[in-house]
$ cat coords12.csv   # CSV, C-alpha atoms
chain,number,residue,atom,x,y,z
A,255,MET,CA,76.3,-41.2,33.6
A,256,THR,CA,78.7,-38.5,32.5
A,257,ASP,CA,82.4,-38.9,33.0
A,258,PRO,CA,83.1,-36.4,35.8
A,259,SER,CA,86.8,-36.1,35.0
A,260,PHE,CA,86.1,-34.8,31.5
A,261,ALA,CA,86.6,-31.1,30.9
A,262,ARG,CA,83.4,-30.6,28.8
A,263,GLU,CA,83.5,-26.8,29.3
A,264,LYS,CA,86.6,-26.6,27.1
A,265,PHE,CA,84.6,-27.8,24.1
A,266,ILE,CA,82.7,-25.0,22.3
A,267,PRO,CA,79.8,-26.0,20.0
A,268,LYS,CA,80.7,-25.1,16.4
A,269,THR,CA,78.2,-27.2,14.3
A,270,VAL,CA,74.7,-28.1,15.2
A,271,TYR,CA,72.3,-30.1,13.1
A,272,VAL,CA,68.7,-30.7,14.1
A,273,THR,CA,66.2,-33.0,12.4
A,274,TYR,CA,62.9,-34.6,13.3
A,275,ILE,CA,62.2,-38.3,12.7
A,276,ALA,CA,59.0,-40.3,12.8
A,277,THR,CA,60.3,-42.9,15.2
A,278,THR,CA,60.7,-43.7,18.9
A,279,ALA,CA,63.6,-42.5,21.1
A,280,GLU,CA,64.6,-46.2,21.5
A,281,LYS,CA,64.8,-46.8,17.7
A,282,ALA,CA,66.8,-43.5,17.2
A,283,TRP,CA,69.2,-44.6,19.9
A,284,GLU,CA,69.6,-48.0,18.3
A,285,ALA,CA,70.3,-46.3,14.9
A,286,LEU,CA,73.2,-44.3,16.5
A,287,THR,CA,74.7,-47.2,18.4
A,288,SER,CA,74.1,-50.3,16.4
A,289,THR,CA,76.1,-51.6,13.4
A,290,VAL,CA,73.0,-52.8,11.6
A,291,PHE,CA,72.0,-49.2,11.2
A,292,THR,CA,75.3,-47.3,10.9
A,293,SER,CA,76.6,-49.6,8.1
A,294,ARG,CA,73.6,-48.4,6.1
A,295,TYR,CA,73.6,-44.6,6.6
A,296,PHE,CA,77.3,-44.0,7.7
A,297,ASN,CA,78.9,-46.7,5.6
A,298,ARG,CA,80.8,-47.7,8.7
A,299,ASP,CA,80.3,-50.3,11.5
A,300,VAL,CA,80.1,-48.6,14.9
A,301,ASP,CA,81.9,-50.2,17.8
A,302,ILE,CA,80.8,-48.8,21.1
A,303,GLU,CA,81.3,-50.0,24.6
A,304,PRO,CA,78.0,-49.2,26.3
A,305,LYS,CA,79.3,-47.3,29.3
A,306,VAL,CA,81.0,-44.1,30.3
A,307,GLY,CA,84.7,-44.3,29.5
A,308,GLY,CA,84.0,-47.1,27.0
A,309,ALA,CA,85.9,-47.2,23.7
A,310,PHE,CA,84.2,-45.9,20.5
A,311,GLY,CA,85.2,-46.4,16.9
A,312,MET,CA,83.9,-46.4,13.4
A,313,ARG,CA,85.1,-49.1,11.0
A,314,MET,CA,85.2,-48.6,7.3
A,315,PRO,CA,84.1,-51.4,4.9
A,316,ASP,CA,87.8,-52.4,4.5
A,317,GLY,CA,88.1,-53.1,8.2
A,318,ARG,CA,90.2,-50.0,9.2
A,319,TYR,CA,89.0,-47.6,11.8
A,320,ASP,CA,88.9,-44.0,10.7
A,321,ILE,CA,87.2,-42.5,13.7
A,322,ARG,CA,88.1,-43.3,17.3
A,323,GLY,CA,87.2,-41.9,20.7
A,324,ARG,CA,85.7,-42.7,24.1
A,325,VAL,CA,82.2,-42.4,25.6
A,326,ILE,CA,81.8,-39.4,27.8
A,327,GLU,CA,78.1,-39.6,28.4
A,328,TRP,CA,75.9,-42.7,28.1
A,329,ASP,CA,72.3,-42.1,28.9
A,330,PRO,CA,70.0,-44.2,26.7
A,331,PRO,CA,67.7,-43.4,25.0
A,332,ARG,CA,68.4,-39.6,25.4
A,333,ARG,CA,72.0,-38.5,25.4
A,334,LEU,CA,75.2,-39.9,23.9
A,335,SER,CA,78.4,-38.0,23.9
A,336,MET,CA,81.8,-39.2,22.8
A,337,THR,CA,85.2,-37.8,21.9
A,338,TRP,CA,85.8,-38.0,18.2
A,339,ALA,CA,89.3,-38.2,16.6
A,340,VAL,CA,89.8,-38.8,12.9
A,341,ASP,CA,92.3,-41.6,12.5
A,342,PHE,CA,93.2,-41.0,8.9
A,343,GLU,CA,96.5,-39.6,7.5
A,344,GLU,CA,97.3,-36.1,8.6
A,345,PHE,CA,93.9,-35.7,10.4
A,346,ARG,CA,95.4,-37.8,13.2
A,347,GLU,CA,97.4,-34.8,14.5
A,348,LEU,CA,94.3,-32.7,15.1
A,349,PRO,CA,92.9,-32.5,18.6
A,350,GLU,CA,89.8,-34.6,19.2
A,351,CYS,CA,86.4,-33.0,19.2
A,352,LEU,CA,83.3,-33.9,21.1
A,353,VAL,CA,80.1,-35.2,19.4
A,354,THR,CA,76.8,-35.2,21.3
A,355,TYR,CA,73.5,-36.6,20.2
A,356,GLU,CA,70.4,-35.6,22.0
A,357,ILE,CA,67.1,-37.4,21.4
A,358,GLU,CA,63.9,-35.7,22.6
A,359,PRO,CA,60.5,-37.4,22.1
A,360,MET,CA,57.9,-35.1,20.5
A,361,GLY,CA,54.6,-37.0,20.3
A,362,PRO,CA,55.0,-39.7,17.7
A,363,SER,CA,58.3,-38.3,16.5
A,364,VAL,CA,61.7,-37.4,18.0
A,365,ARG,CA,63.9,-34.4,17.6
A,366,LEU,CA,67.5,-35.4,17.1
A,367,THR,CA,70.2,-32.8,17.7
A,368,MET,CA,73.8,-33.4,16.8
A,369,THR,CA,76.4,-31.0,18.3
A,370,GLU,CA,80.1,-31.0,17.2
A,371,ALA,CA,82.2,-29.1,19.8
A,372,HIS,CA,85.8,-28.2,19.7
A,373,GLN,CA,88.6,-27.3,22.2
A,374,TRP,CA,90.5,-24.9,19.9
A,375,GLU,CA,89.7,-22.1,17.4
A,376,VAL,CA,89.0,-24.3,14.4
A,377,PRO,CA,89.0,-22.5,11.1
A,378,ASP,CA,85.8,-22.6,9.1
A,379,ALA,CA,87.7,-24.5,6.3
A,380,ILE,CA,88.2,-27.4,8.7
A,381,LEU,CA,84.6,-27.2,10.1
A,382,ALA,CA,83.4,-27.5,6.5
A,383,GLY,CA,84.1,-31.2,6.5
A,384,GLY,CA,81.5,-31.8,9.3
A,385,ARG,CA,79.2,-29.2,7.9
A,386,GLN,CA,79.2,-31.2,4.6
A,387,GLY,CA,79.0,-34.6,6.1
A,388,TRP,CA,76.5,-34.3,9.0
A,389,PRO,CA,73.5,-33.2,6.8
A,390,PHE,CA,74.1,-36.1,4.5
A,391,ILE,CA,74.6,-38.7,7.3
A,392,LEU,CA,71.6,-37.5,9.4
A,393,SER,CA,69.3,-37.1,6.3
A,394,SER,CA,70.2,-40.7,5.5
A,395,LEU,CA,69.6,-41.9,9.1
A,396,LYS,CA,66.2,-40.3,8.9
A,397,SER,CA,65.4,-42.1,5.6
A,398,VAL,CA,66.6,-45.4,7.0
A,399,LEU,CA,64.3,-45.1,10.0
A,400,GLU,CA,61.3,-43.9,8.1
A,401,THR,CA,61.5,-45.8,4.8
A,402,GLY,CA,64.1,-48.5,5.4
A,403,LYS,CA,66.3,-47.0,2.6
A,404,PRO,CA,69.4,-44.8,3.0
A,405,ILE,CA,70.4,-42.0,0.7
A,406,SER,CA,73.1,-43.4,-1.6
A,407,ILE,CA,76.7,-42.3,-1.0
A,408,SER,CA,78.1,-40.2,-3.8
A,409,PRO,CA,81.7,-40.8,-4.8
A,410,ALA,CA,82.2,-37.0,-5.0
A,411,MET,CA,81.8,-36.7,-1.2
A,412,GLY,CA,85.4,-36.8,0.1
A,413,PRO,CA,86.8,-34.0,2.2
A,414,PRO,CA,86.9,-30.6,0.3
A,415,LYS,CA,90.4,-29.7,-0.9
A,416,GLU,CA,90.3,-26.4,1.1
A,417,MET,CA,89.8,-28.5,4.2
A,418,ILE,CA,92.9,-30.7,3.6
A,419,ASP,CA,95.0,-27.5,3.0
A,420,ALA,CA,93.6,-26.0,6.2
A,421,VAL,CA,94.4,-29.2,8.2
A,422,ARG,CA,98.0,-29.1,6.9
A,423,ARG,CA,98.3,-25.5,7.9
A,424,ALA,CA,96.9,-26.2,11.3
A,425,ILE,CA,99.2,-29.1,11.9
A,426,ALA,CA,102.2,-26.9,10.9
A,427,GLU,CA,101.2,-24.1,13.3
A,428,LYS,CA,99.5,-26.2,16.1
A,429,PRO,CA,97.4,-23.2,17.3
A,430,TRP,CA,95.9,-25.4,20.1
A,431,ARG,CA,99.2,-25.4,21.9
A,432,ARG,CA,99.1,-21.6,22.4
B,47,MET,CA,79.3,-9.2,14.4
B,48,ASN,CA,78.3,-11.1,11.3
B,49,GLU,CA,75.0,-10.7,9.7
B,50,PRO,CA,72.7,-13.6,10.7
B,51,LYS,CA,72.4,-16.3,8.0
B,52,PHE,CA,70.7,-19.6,8.4
B,53,VAL,CA,71.8,-22.5,6.1
B,54,TYR,CA,70.2,-25.9,6.2
B,55,VAL,CA,71.1,-28.8,3.9
B,56,THR,CA,69.1,-32.0,3.5
B,57,TYR,CA,69.1,-34.9,1.1
B,58,ILE,CA,65.8,-36.3,-0.2
B,59,ALA,CA,64.9,-39.4,-2.2
B,60,THR,CA,62.8,-37.6,-4.9
B,61,THR,CA,63.1,-35.8,-8.2
B,62,PRO,CA,63.9,-32.0,-8.6
B,63,GLU,CA,60.4,-31.6,-10.2
B,64,LYS,CA,58.5,-33.2,-7.3
B,65,LEU,CA,60.5,-31.2,-4.8
B,66,TRP,CA,59.8,-28.0,-6.8
B,67,GLN,CA,56.1,-28.8,-6.8
B,68,ALA,CA,56.2,-29.5,-3.0
B,69,LEU,CA,57.7,-26.0,-2.5
B,70,THR,CA,55.4,-24.0,-4.7
B,71,ASP,CA,52.0,-25.7,-4.7
B,72,GLY,CA,49.7,-24.8,-1.8
B,73,THR,CA,47.9,-28.1,-1.8
B,74,PHE,CA,51.3,-29.7,-1.1
B,75,THR,CA,52.7,-27.2,1.4
B,76,GLU,CA,49.5,-27.6,3.5
B,77,ARG,CA,50.3,-31.3,4.0
B,78,TYR,CA,53.8,-30.9,5.5
B,79,TRP,CA,54.0,-27.2,6.5
B,80,PHE,CA,51.7,-27.4,9.5
B,81,GLY,CA,48.6,-26.4,7.5
B,82,THR,CA,50.3,-23.5,5.8
B,83,ARG,CA,49.3,-22.9,2.2
B,84,ILE,CA,51.7,-21.0,-0.1
B,85,ALA,CA,50.2,-19.1,-3.1
B,86,SER,CA,51.9,-17.2,-5.9
B,87,ASP,CA,51.9,-17.1,-9.7
B,88,TRP,CA,55.7,-17.5,-9.4
B,89,THR,CA,56.8,-14.8,-11.8
B,90,LEU,CA,59.5,-12.3,-10.8
B,91,GLY,CA,58.1,-9.6,-8.6
B,92,ALA,CA,54.9,-11.5,-7.9
B,93,ARG,CA,53.5,-11.6,-4.4
B,94,VAL,CA,53.8,-14.8,-2.3
B,95,THR,CA,51.4,-15.4,0.5
B,96,PHE,CA,51.4,-17.9,3.3
B,97,THR,CA,47.9,-18.7,4.7
B,98,ARG,CA,47.0,-20.7,7.7
B,99,GLY,CA,43.3,-21.2,8.1
B,100,ASP,CA,42.0,-18.0,6.7
B,101,ARG,CA,44.7,-15.9,8.0
B,102,VAL,CA,47.8,-14.6,6.1
B,103,SER,CA,50.7,-15.5,8.4
B,104,ASP,CA,53.6,-14.2,6.2
B,105,TYR,CA,54.1,-12.8,2.8
B,106,GLY,CA,56.8,-11.9,0.3
B,107,VAL,CA,57.8,-11.2,-3.3
B,108,VAL,CA,59.4,-13.6,-5.8
B,109,LEU,CA,63.1,-12.7,-6.4
B,110,ALA,CA,64.1,-15.7,-8.5
B,111,CYS,CA,62.2,-18.6,-10.0
B,112,GLU,CA,64.2,-21.1,-12.1
B,113,PRO,CA,62.2,-24.4,-12.0
B,114,PRO,CA,63.3,-27.0,-10.9
B,115,ARG,CA,66.6,-25.6,-9.5
B,116,ARG,CA,66.4,-22.3,-7.7
B,117,LEU,CA,63.6,-20.4,-6.0
B,118,SER,CA,64.0,-17.2,-3.9
B,119,TYR,CA,61.5,-14.9,-2.3
B,120,THR,CA,61.5,-12.2,0.4
B,121,TRP,CA,59.8,-13.0,3.7
B,122,ARG,CA,57.9,-10.7,5.8
B,123,VAL,CA,56.3,-12.0,9.0
B,124,GLU,CA,52.7,-10.9,9.5
B,125,PHE,CA,51.5,-13.4,12.1
B,126,HIS,CA,53.3,-12.3,15.2
B,127,GLU,CA,53.1,-8.8,16.7
B,128,GLU,CA,56.7,-9.3,18.0
B,129,PHE,CA,58.1,-9.7,14.4
B,130,ARG,CA,55.9,-7.4,12.3
B,131,HIS,CA,58.1,-4.3,12.5
B,132,GLU,CA,61.1,-6.1,11.0
B,133,ARG,CA,62.1,-5.5,7.4
B,134,PRO,CA,61.7,-8.5,5.0
B,135,SER,CA,64.4,-11.1,4.9
B,136,ARG,CA,65.2,-13.5,2.0
B,137,VAL,CA,64.9,-17.2,1.6
B,138,THR,CA,66.5,-19.2,-1.2
B,139,PHE,CA,66.0,-22.8,-2.1
B,140,GLU,CA,68.6,-24.5,-4.3
B,141,ILE,CA,67.9,-28.0,-5.7
B,142,GLU,CA,70.8,-30.2,-7.0
B,143,PRO,CA,70.2,-33.7,-8.5
B,144,MET,CA,72.5,-36.3,-6.9
B,145,PRO,CA,74.2,-39.0,-8.9
B,146,GLY,CA,72.3,-41.7,-6.9
B,147,ARG,CA,73.2,-45.3,-6.4
B,148,ALA,CA,74.9,-47.0,-9.3
B,149,GLY,CA,72.2,-48.8,-11.2
B,150,GLY,CA,69.7,-47.6,-8.8
B,151,THR,CA,66.3,-46.3,-9.8
B,152,THR,CA,65.5,-43.9,-6.9
B,153,PRO,CA,66.5,-40.3,-7.8
B,154,GLU,CA,67.9,-38.2,-5.0
B,155,VAL,CA,68.4,-34.5,-4.6
B,156,LYS,CA,70.3,-32.2,-2.3
B,157,LEU,CA,68.3,-29.2,-1.0
B,158,THR,CA,70.0,-26.2,0.4
B,159,VAL,CA,67.8,-23.6,2.1
B,160,THR,CA,69.5,-20.3,2.9
B,161,HIS,CA,67.6,-17.6,4.9
B,162,ASP,CA,69.5,-14.4,5.2
B,163,ASP,CA,69.3,-10.6,4.8
B,164,PHE,CA,68.3,-10.0,8.4
B,165,ASP,CA,69.2,-7.1,10.7
B,166,VAL,CA,71.9,-8.1,13.2
B,167,ASP,CA,69.5,-8.3,16.2
B,168,SER,CA,66.6,-9.9,14.2
B,169,LYS,CA,64.1,-11.9,16.3
B,170,VAL,CA,62.7,-13.4,13.1
B,171,PHE,CA,66.1,-15.0,12.5
B,172,ARG,CA,65.9,-16.8,15.9
B,173,ALA,CA,62.4,-18.0,15.2
B,174,ILE,CA,63.1,-19.3,11.7
B,175,SER,CA,66.3,-21.1,13.0
B,176,GLY,CA,64.0,-23.2,15.2
B,177,GLY,CA,61.3,-23.6,12.6
B,178,TRP,CA,63.1,-24.6,9.4
B,179,PRO,CA,64.5,-27.9,10.6
B,180,LEU,CA,61.0,-29.1,11.6
B,181,VAL,CA,59.4,-27.9,8.3
B,182,LEU,CA,62.2,-29.4,6.2
B,183,ALA,CA,62.2,-32.7,8.1
B,184,SER,CA,58.4,-32.8,7.5
B,185,LEU,CA,58.9,-32.0,3.8
B,186,LYS,CA,61.5,-34.8,3.5
B,187,SER,CA,59.1,-37.3,5.2
B,188,PHE,CA,56.2,-36.1,2.9
B,189,LEU,CA,58.2,-36.7,-0.3
B,190,GLU,CA,59.7,-40.0,0.9
B,191,THR,CA,56.7,-41.6,2.7
B,192,GLY,CA,53.7,-39.7,1.4
B,193,GLY,CA,52.9,-38.1,4.7
B,194,GLY,CA,54.4,-35.1,6.6
B,195,LEU,CA,55.5,-35.7,10.2
B,196,GLN,CA,52.5,-36.7,12.3
B,197,SER,CA,53.6,-34.6,15.2
B,198,ALA,CA,54.1,-31.7,12.8
B,199,SER,CA,51.2,-29.7,14.3
B,200,VAL,CA,51.1,-26.0,14.4
B,201,ASP,CA,51.9,-26.3,18.1
B,202,ALA,CA,55.1,-28.2,17.4
B,203,LEU,CA,56.2,-25.5,15.0
B,204,GLU,CA,55.4,-22.7,17.4
B,205,GLN,CA,57.2,-24.6,20.2
B,206,ALA,CA,60.3,-25.0,18.0
B,207,LYS,CA,60.2,-21.2,17.3
B,208,GLU,CA,59.6,-20.3,20.9
B,209,ARG,CA,62.5,-22.5,22.0
B,210,ALA,CA,64.9,-20.8,19.5
B,211,LEU,CA,63.6,-17.4,20.7
B,212,ALA,CA,64.0,-18.3,24.3
B,213,ALA,CA,67.6,-19.5,23.7
B,214,ALA,CA,68.3,-16.2,21.9
B,215,ARG,CA,66.8,-14.2,24.8
B,216,GLY,CA,68.9,-16.2,27.3
B,217,LYS,CA,72.0,-15.5,25.3
B,218,ALA,CA,71.3,-11.8,25.1
B,219,ALA,CA,70.6,-11.6,28.9

$ encode --input "coords12.csv" --output "structure tokens"
Amino acid sequence: MTDPSFAREKFIPKTVYVTYIATTAEKAWEALTSTVFTSRYFNRDVDIEPKVGGAFGMRMPDGRYDIRGRVIEWDPPRRLSMTWAVDFEEFRELPECLVTYEIEPMGPSVRLTMTEAHQWEVPDAILAGGRQGWPFILSSLKSVLETGKPISISPAMGPPKEMIDAVRRAIAEKPWRR
Amino acid sequence: MNEPKFVYVTYIATTPEKLWQALTDGTFTERYWFGTRIASDWTLGARVTFTRGDRVSDYGVVLACEPPRRLSYTWRVEFHEEFRHERPSRVTFEIEPMPGRAGGTTPEVKLTVTHDDFDVDSKVFRAISGGWPLVLASLKSFLETGGGLQSASVDALEQAKERALAAARGKAA
């Protein structure tokens, strides 16, 4: 259930976020793969073809996709891995990363581990975007599953300015081609 | 090699005051922190003790206490033979109120937990890296639903720490 042609070893984990949720593995899986949930905690509709090699995308409320990729591993309700490219302005030129969710049952709860892995030496200023976003998204996912209510999205939560500057520098230098 | 530093951010639907109480009042910590009671008079330099059952598991000293925004104390592990020789580390809680939903009534806060000031090869660092996500997930559940995580037994916490330690040993080998 993993794409055998995918060079996973090229992707080095850079950001890991772990949380524990009072829910079942099946519900947590549904929260990651169904629009009913993602629209509430991610403010985006997820489109995902349920198979290895399937297309993956996240659609903003205005209908545009800002995240696209393909499914690398599809193993419900335990492991989901997909490539992840930001389809938004200059971010488009960055190499895609690999996002993996792992769901492990622990008695009446689950441990959810999100790992963001990269195939080039990403500067911390660019990683800061995910390091800001994931705790919010996954805290909100936990709230949706446990209480039915997401954490509200703050207007001040766009990408940090240092991140945009770092993305522009990286695109100019293209260090991943070295 | 960088000095080990653990940072964890979570967002909780609660007020800064309730979160502060959950962090500093032993009758609250007992309910989400796997039966661990915290006790201190929360003045600068005062002792902080963590008690599980009738055993002191860890202790520290208050470094900063600015309710309901910032709390910091040193952390010395007493419970495990393996960790007892390490010097105290430092844990800091920062609480920021969030703007919340427009017209909404539910207050929300951002909690940042930073645990640092470790020696480079600290085993305590590995253990807390596994333990904090479980404790803080249980804290969030406690404040949002009224109960800590049901699976949040002492065993679960010990397993999380063991797992992190085992991973660290594997890396070192």

$ interface_residues --input "coords12.csv" --of "chain B" --to "chain A" --cutoff "8 Å" --atoms "all atoms listed in the file" --output "PyMOL selection string"
chain B and resi 55-59+144-147+154+179-180+183-184+187+190-191+195-197

$ residues_around --input "coords12.csv" --residues "A:Lys281" --least-positions-apart "4" --cutoff "9 Å" --atoms "all atoms listed in the file" --output "PyMOL selection string"
chain A and resi 277+285-286+331+399

$ residues_near_point --input "coords12.csv" --point "(81.5, -40.9, 30.3)" --cutoff "8 Å" --atoms "all atoms listed in the file" --output "list of chain:residue names"
A:Met255, A:Thr256, A:Asp257, A:Pro258, A:Phe260, A:Lys305, A:Val306, A:Gly307, A:Gly308, A:Arg324, A:Val325, A:Ile326, A:Glu327, A:Trp328, A:Ser335, A:Met336

$ closest_residue --input "coords12.csv" --among "A:Thr269, A:Glu263, A:Ala424, A:Gly383" --to "A:Glu347" --atoms "only C-alpha atoms"
A:Ala424

$ atom_distance --input "coords12.csv" --atom1 "atom CA of B:Arg101" --atom2 "atom CA of B:Ala173"
19.2 Å

$ residues_around --input "coords12.csv" --residues "B:Pro114" --least-positions-apart "5" --cutoff "12 Å" --atoms "all atoms listed in the file" --output "ChimeraX atom specification"
/B:61-70,139-143,155,157

$ closest_residue --input "coords12.csv" --among "B:Glu124, B:Arg98, B:Phe164, B:Thr89" --to "B:Cys111" --atoms "all atoms listed in the file"
B:Thr89

$ closest_residue --input "coords12.csv" --among "A:Trp283, A:Tyr355, A:Trp430, A:Phe342" --to "A:Met312" --atoms "only C-alpha atoms"
A:Phe342

$ atom_distance --input "coords12.csv" --atom1 "atom CA of A:Glu350" --atom2 "atom CA of A:Asp419"
18.4 Å

$ build_atoms --input "coords12.csv" --residues "stretch 56-80 of chain B" --atoms "N, CA and C atoms" --output "short mmCIF file (atom, residue, chain, number, x, y, z; two decimals), in the coordinates of the input"
data_model
loop_
_atom_site.label_atom_id
_atom_site.label_comp_id
_atom_site.auth_asym_id
_atom_site.auth_seq_id
_atom_site.Cartn_x
_atom_site.Cartn_y
_atom_site.Cartn_z
N THR B 56 69.61 -30.66 3.31
CA THR B 56 69.10 -32.00 3.50
C THR B 56 69.07 -32.74 2.17
N TYR B 57 69.07 -34.05 2.25
CA TYR B 57 69.10 -34.90 1.10
C TYR B 57 67.75 -35.66 1.05
N ILE B 58 67.09 -35.69 -0.11
CA ILE B 58 65.80 -36.30 -0.20
C ILE B 58 65.69 -37.22 -1.37
N ALA B 59 65.08 -38.39 -1.14
CA ALA B 59 64.90 -39.40 -2.20
C ALA B 59 63.66 -38.93 -3.03
N THR B 60 63.87 -38.06 -4.00
CA THR B 60 62.80 -37.60 -4.90
C THR B 60 63.42 -36.96 -6.12
N THR B 61 62.59 -36.46 -7.03
CA THR B 61 63.10 -35.80 -8.20
C THR B 61 63.08 -34.26 -7.97
N PRO B 62 63.93 -33.50 -8.69
CA PRO B 62 63.90 -32.00 -8.60
C PRO B 62 62.47 -31.51 -8.86
N GLU B 63 61.77 -32.11 -9.81
CA GLU B 63 60.40 -31.60 -10.20
C GLU B 63 59.42 -31.80 -9.07
N LYS B 64 59.48 -32.97 -8.41
CA LYS B 64 58.50 -33.20 -7.30
C LYS B 64 58.84 -32.28 -6.13
N LEU B 65 60.12 -32.07 -5.88
CA LEU B 65 60.50 -31.20 -4.80
C LEU B 65 60.03 -29.75 -5.11
N TRP B 66 60.20 -29.35 -6.36
CA TRP B 66 59.80 -28.00 -6.80
C TRP B 66 58.27 -27.84 -6.55
N GLN B 67 57.52 -28.85 -6.93
CA GLN B 67 56.10 -28.80 -6.80
C GLN B 67 55.71 -28.70 -5.26
N ALA B 68 56.45 -29.47 -4.44
CA ALA B 68 56.20 -29.50 -3.00
C ALA B 68 56.44 -28.09 -2.39
N LEU B 69 57.38 -27.34 -3.00
CA LEU B 69 57.70 -26.00 -2.50
C LEU B 69 56.78 -24.92 -2.94
N THR B 70 56.14 -25.13 -4.09
CA THR B 70 55.40 -24.00 -4.70
C THR B 70 53.91 -24.21 -4.84
N ASP B 71 53.42 -25.40 -4.53
CA ASP B 71 52.00 -25.70 -4.70
C ASP B 71 51.33 -25.76 -3.32
N GLY B 72 50.37 -24.89 -3.07
CA GLY B 72 49.70 -24.80 -1.80
C GLY B 72 49.05 -26.05 -1.27
N THR B 73 48.53 -26.87 -2.21
CA THR B 73 47.90 -28.10 -1.80
C THR B 73 48.92 -29.08 -1.22
N PHE B 74 50.18 -28.91 -1.65
CA PHE B 74 51.30 -29.70 -1.10
C PHE B 74 51.80 -29.15 0.19
N THR B 75 52.07 -27.83 0.21
CA THR B 75 52.70 -27.20 1.40
C THR B 75 51.75 -27.48 2.63
N GLU B 76 50.45 -27.43 2.38
CA GLU B 76 49.50 -27.60 3.50
C GLU B 76 49.69 -28.95 4.19
N ARG B 77 50.20 -29.93 3.45
CA ARG B 77 50.30 -31.30 4.00
C ARG B 77 51.57 -31.52 4.83
N TYR B 78 52.59 -30.69 4.65
CA TYR B 78 53.80 -30.90 5.50
C TYR B 78 54.16 -29.65 6.28
N TRP B 79 53.62 -28.48 5.90
CA TRP B 79 54.00 -27.20 6.50
C TRP B 79 53.00 -26.78 7.56
N PHE B 80 52.54 -27.74 8.34
CA PHE B 80 51.70 -27.40 9.50
C PHE B 80 50.42 -26.65 9.04
#
